[in-house]
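Below is my_file.txt, which holds compact mmCIF, N, CA and C atoms.
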# COMPACT_ATOMS: atom_id res chain seq x y z
N MET A 581 -26.86 7.19 15.51
CA MET A 581 -25.48 6.83 15.65
C MET A 581 -24.58 8.00 15.26
N CYS A 582 -24.92 8.71 14.19
CA CYS A 582 -24.10 9.84 13.76
C CYS A 582 -24.08 10.94 14.82
N ASN A 583 -25.22 11.14 15.49
CA ASN A 583 -25.26 12.12 16.57
C ASN A 583 -24.34 11.70 17.71
N GLN A 584 -24.35 10.42 18.05
CA GLN A 584 -23.49 9.91 19.12
C GLN A 584 -22.02 10.07 18.77
N LEU A 585 -21.69 9.89 17.52
CA LEU A 585 -20.31 10.03 17.07
C LEU A 585 -19.92 11.49 16.81
N GLU A 586 -20.92 12.38 16.92
CA GLU A 586 -20.74 13.81 16.69
C GLU A 586 -20.20 14.12 15.29
N ILE A 587 -20.79 13.43 14.29
CA ILE A 587 -20.38 13.65 12.90
C ILE A 587 -21.54 14.10 12.01
N SER A 588 -22.72 14.29 12.59
CA SER A 588 -23.90 14.66 11.81
C SER A 588 -23.71 15.94 11.03
N ASP A 589 -22.96 16.88 11.56
CA ASP A 589 -22.76 18.16 10.89
C ASP A 589 -21.96 18.05 9.60
N PHE A 590 -21.34 16.91 9.36
CA PHE A 590 -20.54 16.71 8.16
C PHE A 590 -21.36 16.22 6.97
N PHE A 591 -22.65 15.99 7.17
CA PHE A 591 -23.51 15.41 6.15
C PHE A 591 -24.67 16.33 5.81
N ILE A 592 -25.07 16.33 4.54
CA ILE A 592 -26.24 17.06 4.11
C ILE A 592 -27.49 16.26 4.45
N SER A 593 -27.41 14.93 4.30
CA SER A 593 -28.53 14.07 4.66
C SER A 593 -27.99 12.74 5.15
N ILE A 594 -28.79 12.09 5.99
CA ILE A 594 -28.45 10.77 6.51
C ILE A 594 -29.69 9.91 6.33
N SER A 595 -29.55 8.78 5.64
CA SER A 595 -30.68 7.90 5.36
C SER A 595 -30.31 6.46 5.67
N GLY A 596 -31.34 5.62 5.78
CA GLY A 596 -31.07 4.21 6.04
C GLY A 596 -32.29 3.35 5.79
N SER A 597 -32.23 2.14 6.30
CA SER A 597 -33.28 1.15 6.12
C SER A 597 -34.61 1.72 6.58
N PRO A 598 -35.72 1.23 6.03
CA PRO A 598 -35.87 0.06 5.18
C PRO A 598 -35.69 0.35 3.69
N GLU A 599 -35.55 1.61 3.31
CA GLU A 599 -35.38 1.94 1.89
C GLU A 599 -34.06 1.36 1.39
N PRO A 600 -34.07 0.63 0.26
CA PRO A 600 -32.82 0.05 -0.27
C PRO A 600 -31.80 1.14 -0.61
N LYS A 601 -30.54 0.84 -0.35
CA LYS A 601 -29.46 1.80 -0.55
C LYS A 601 -29.42 2.34 -1.98
N GLU A 602 -29.67 1.48 -2.97
CA GLU A 602 -29.67 1.93 -4.36
C GLU A 602 -30.68 3.05 -4.57
N LYS A 603 -31.86 2.88 -3.96
CA LYS A 603 -32.93 3.86 -4.12
C LYS A 603 -32.67 5.13 -3.31
N ILE A 604 -32.04 4.99 -2.15
CA ILE A 604 -31.69 6.17 -1.35
C ILE A 604 -30.75 7.06 -2.16
N ILE A 605 -29.72 6.45 -2.73
CA ILE A 605 -28.73 7.22 -3.50
C ILE A 605 -29.39 7.84 -4.73
N GLU A 606 -30.22 7.06 -5.41
CA GLU A 606 -30.92 7.57 -6.58
C GLU A 606 -31.78 8.79 -6.21
N ARG A 607 -32.49 8.69 -5.10
CA ARG A 607 -33.36 9.79 -4.64
C ARG A 607 -32.55 11.03 -4.29
N VAL A 608 -31.47 10.84 -3.54
CA VAL A 608 -30.64 11.98 -3.13
C VAL A 608 -30.03 12.68 -4.35
N ILE A 609 -29.57 11.91 -5.32
CA ILE A 609 -29.00 12.49 -6.55
C ILE A 609 -30.04 13.38 -7.22
N LYS A 610 -31.26 12.87 -7.33
CA LYS A 610 -32.33 13.63 -7.99
C LYS A 610 -32.74 14.85 -7.16
N GLU A 611 -32.95 14.65 -5.85
CA GLU A 611 -33.41 15.75 -4.99
C GLU A 611 -32.40 16.90 -4.94
N LYS A 612 -31.13 16.56 -4.89
CA LYS A 612 -30.09 17.58 -4.76
C LYS A 612 -29.59 18.08 -6.11
N GLY A 613 -29.98 17.39 -7.19
CA GLY A 613 -29.54 17.80 -8.52
C GLY A 613 -28.06 17.58 -8.77
N TYR A 614 -27.51 16.56 -8.13
CA TYR A 614 -26.08 16.27 -8.29
C TYR A 614 -25.76 15.72 -9.67
N SER A 615 -24.63 16.08 -10.18
CA SER A 615 -24.10 15.49 -11.41
C SER A 615 -23.37 14.21 -11.00
N LYS A 616 -23.71 13.11 -11.65
CA LYS A 616 -23.11 11.83 -11.27
C LYS A 616 -21.60 11.80 -11.41
N ASP A 617 -21.05 12.62 -12.29
CA ASP A 617 -19.59 12.61 -12.45
C ASP A 617 -18.89 13.48 -11.40
N SER A 618 -19.65 14.10 -10.51
CA SER A 618 -19.02 14.94 -9.49
C SER A 618 -19.21 14.39 -8.07
N ILE A 619 -19.77 13.18 -7.96
CA ILE A 619 -19.99 12.59 -6.64
C ILE A 619 -19.40 11.19 -6.58
N CYS A 620 -19.24 10.69 -5.36
CA CYS A 620 -18.76 9.33 -5.17
C CYS A 620 -19.40 8.76 -3.92
N LEU A 621 -19.32 7.45 -3.80
CA LEU A 621 -19.77 6.77 -2.61
C LEU A 621 -18.54 6.13 -1.98
N ILE A 622 -18.34 6.37 -0.70
CA ILE A 622 -17.28 5.70 0.06
C ILE A 622 -17.98 4.70 0.95
N GLY A 623 -17.62 3.43 0.82
CA GLY A 623 -18.33 2.42 1.58
C GLY A 623 -17.46 1.26 2.00
N ASP A 624 -18.03 0.44 2.89
CA ASP A 624 -17.28 -0.68 3.43
C ASP A 624 -17.96 -2.03 3.18
N SER A 625 -18.90 -2.05 2.23
CA SER A 625 -19.61 -3.31 1.99
C SER A 625 -19.88 -3.52 0.51
N VAL A 626 -20.18 -4.76 0.17
CA VAL A 626 -20.55 -5.10 -1.20
C VAL A 626 -21.85 -4.36 -1.56
N ASN A 627 -22.75 -4.19 -0.59
CA ASN A 627 -23.99 -3.44 -0.85
C ASN A 627 -23.69 -2.01 -1.27
N ASP A 628 -22.68 -1.39 -0.66
CA ASP A 628 -22.28 -0.04 -1.05
C ASP A 628 -21.74 -0.03 -2.48
N TYR A 629 -20.91 -1.00 -2.78
CA TYR A 629 -20.35 -1.14 -4.13
C TYR A 629 -21.47 -1.32 -5.15
N ASP A 630 -22.42 -2.20 -4.85
CA ASP A 630 -23.54 -2.44 -5.76
C ASP A 630 -24.41 -1.19 -5.94
N ALA A 631 -24.62 -0.45 -4.87
CA ALA A 631 -25.42 0.77 -4.95
C ALA A 631 -24.75 1.82 -5.82
N ALA A 632 -23.44 1.94 -5.71
CA ALA A 632 -22.70 2.89 -6.55
C ALA A 632 -22.80 2.48 -8.01
N ASN A 633 -22.61 1.20 -8.28
CA ASN A 633 -22.72 0.72 -9.66
C ASN A 633 -24.12 0.90 -10.23
N TYR A 634 -25.13 0.62 -9.45
CA TYR A 634 -26.52 0.78 -9.88
C TYR A 634 -26.77 2.23 -10.31
N ASN A 635 -26.18 3.17 -9.58
CA ASN A 635 -26.38 4.59 -9.85
C ASN A 635 -25.29 5.20 -10.72
N THR A 636 -24.41 4.37 -11.23
CA THR A 636 -23.29 4.77 -12.11
C THR A 636 -22.51 5.95 -11.54
N ILE A 637 -22.10 5.80 -10.27
CA ILE A 637 -21.23 6.79 -9.64
C ILE A 637 -19.95 6.10 -9.17
N SER A 638 -18.92 6.88 -8.95
CA SER A 638 -17.64 6.33 -8.50
C SER A 638 -17.77 5.72 -7.11
N PHE A 639 -16.97 4.69 -6.85
CA PHE A 639 -16.97 4.01 -5.55
C PHE A 639 -15.56 3.92 -5.02
N PHE A 640 -15.41 4.20 -3.74
CA PHE A 640 -14.15 4.04 -3.03
C PHE A 640 -14.40 3.11 -1.85
N GLY A 641 -13.69 1.99 -1.82
CA GLY A 641 -13.81 1.07 -0.71
C GLY A 641 -13.02 1.56 0.49
N TYR A 642 -13.49 1.21 1.68
CA TYR A 642 -12.82 1.60 2.91
C TYR A 642 -13.16 0.59 4.01
N ASN A 643 -12.17 0.23 4.80
CA ASN A 643 -12.37 -0.59 5.99
C ASN A 643 -12.87 -2.01 5.68
N ASN A 644 -12.64 -2.50 4.48
CA ASN A 644 -12.97 -3.87 4.10
C ASN A 644 -12.03 -4.26 2.96
N TYR A 645 -10.94 -4.91 3.29
CA TYR A 645 -9.91 -5.21 2.31
C TYR A 645 -10.40 -6.05 1.13
N ASN A 646 -11.50 -6.79 1.30
CA ASN A 646 -12.05 -7.58 0.20
C ASN A 646 -12.49 -6.69 -0.97
N LEU A 647 -12.83 -5.45 -0.69
CA LEU A 647 -13.28 -4.54 -1.75
C LEU A 647 -12.17 -4.13 -2.70
N GLN A 648 -10.92 -4.34 -2.32
CA GLN A 648 -9.80 -4.01 -3.18
C GLN A 648 -9.82 -4.83 -4.47
N ASN A 649 -10.46 -5.97 -4.45
CA ASN A 649 -10.47 -6.88 -5.59
C ASN A 649 -11.63 -6.66 -6.55
N PHE A 650 -12.51 -5.71 -6.25
CA PHE A 650 -13.66 -5.46 -7.11
C PHE A 650 -13.24 -4.58 -8.29
N ASN A 651 -13.88 -4.80 -9.45
CA ASN A 651 -13.58 -4.02 -10.65
C ASN A 651 -13.85 -2.55 -10.44
N ASN A 652 -12.98 -1.73 -11.03
CA ASN A 652 -13.14 -0.27 -11.02
C ASN A 652 -13.27 0.31 -9.62
N THR A 653 -12.66 -0.33 -8.63
CA THR A 653 -12.73 0.16 -7.26
C THR A 653 -11.38 0.70 -6.82
N GLN A 654 -11.43 1.91 -6.31
CA GLN A 654 -10.24 2.45 -5.66
C GLN A 654 -10.42 2.20 -4.17
N TYR A 655 -9.32 2.03 -3.46
CA TYR A 655 -9.41 1.70 -2.06
C TYR A 655 -8.71 2.74 -1.20
N ILE A 656 -9.35 3.18 -0.15
CA ILE A 656 -8.79 4.15 0.78
C ILE A 656 -8.22 3.38 1.97
N LYS A 657 -6.92 3.48 2.17
CA LYS A 657 -6.29 2.76 3.27
C LYS A 657 -6.42 3.52 4.59
N ASN A 658 -6.39 4.85 4.52
CA ASN A 658 -6.62 5.66 5.72
C ASN A 658 -6.95 7.09 5.31
N PHE A 659 -7.52 7.81 6.23
CA PHE A 659 -7.87 9.20 5.98
C PHE A 659 -6.86 10.11 6.62
Let's see the structure in the file written out as C-alpha cells.
Amino acid sequence: MCNQLEISDFFISISGSPEPKEKIIERVIKEKGYSKDSICLIGDSVNDYDAANYNTISFFGYNNYNLQNFNNTQYIKNF
C-alpha cells in the first residue's frame, strides 16, 4: 500500500500483521537503538494508542476524533 501511495521513501521500516503492533514497535525501538523520549507514534486507532502506551512512548492521534478523549493524547487535526 505504501508503494502505491508513493510514500515508502518516508519510512525507515514498514511492518504489519501478523506480528502484534506492540511487539513491532518494541522490536524497532531495540533494533534501531531509539531513545523512547525521542520518538512518538502517530495513529488513528485504539490499537495504536495501546501500542504506544505498552512501549511508553508518546502518542498523537490522527484521523479519529474519538482519540481526543484518551488520557495523555495529543491530537493532530491536520498536517
- Give the answer as one residue: which of A:Tyr642, A:Tyr634, A:Tyr614, A:Tyr629 has the shortest atom-to-atom distance to Lys657 in chain A, using only N, CA and C atoms?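 Of the candidates, the smallest distance to Lys657 in chain A is held by A:Tyr642.
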- Message: Would you pick out the contacts of Asn644 in chain A at 8 Å or less, using only N, CA and C atoms, so that residues sharing its chain but fewer than 5 positions from it are not included, and give the list as JSON, numbers by chain?
- Response: {"A": [623, 624, 625, 649, 656]}
- Query: So what do you get for CA of Ser618 in chain A versus atom N of Asn643 in chain A, distance-wise?
  - Reply: 21.6 Å
- Task: Enumerate the residues of chain A with a DSSP assignment of strand (DSSP E or B), computed from the backbone, and present them as an MDAnalysis selection string.
- Result: chainID A and resid 620:623 638:642 654:656
- At what distance in Å, to one decimal, does CA of Phe591 in chain A lie from CA of Leu621 in chain A?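 We find that CA of Leu621 in chain A and CA of Phe591 in chain A lie 12.9 Å from each other.
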- Message: Report, in Å to a single decimal, how far apart CA of Gln584 in chain A and CA of Ile637 in chain A are.
- Response: 29.0 Å
- Counting all atoms listed in the file, the residue of A:Asn583, A:Thr636, A:Ser595, A:Asp589 that sits nearest Lys616 in chain A: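 Residue with the minimum atom-to-atom distance to Lys616 in chain A: A:Thr636.
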- Message: as a ChimeraX atom specification, please: every residue in chain A that DSSP puts in helix (DSSP H, G or I).
- Response: /A:588-590,601-612,616-618,626-634,645-649
- Polymer residues at most 6.5 Å from Ile622 in chain A, only N, CA and C atoms, same-chain spacing of 6 or more positions, as a PyMOL selection string: chain A and resi 638-642
- Looking at only C-alpha atoms, which of A:Gly613, A:Lys601, A:Cys582, A:Val608 is the one that sits closest to Val626 in chain A?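 Between A:Gly613, A:Lys601, A:Cys582, A:Val608, the residue approaching Val626 in chain A most closely is A:Lys601.
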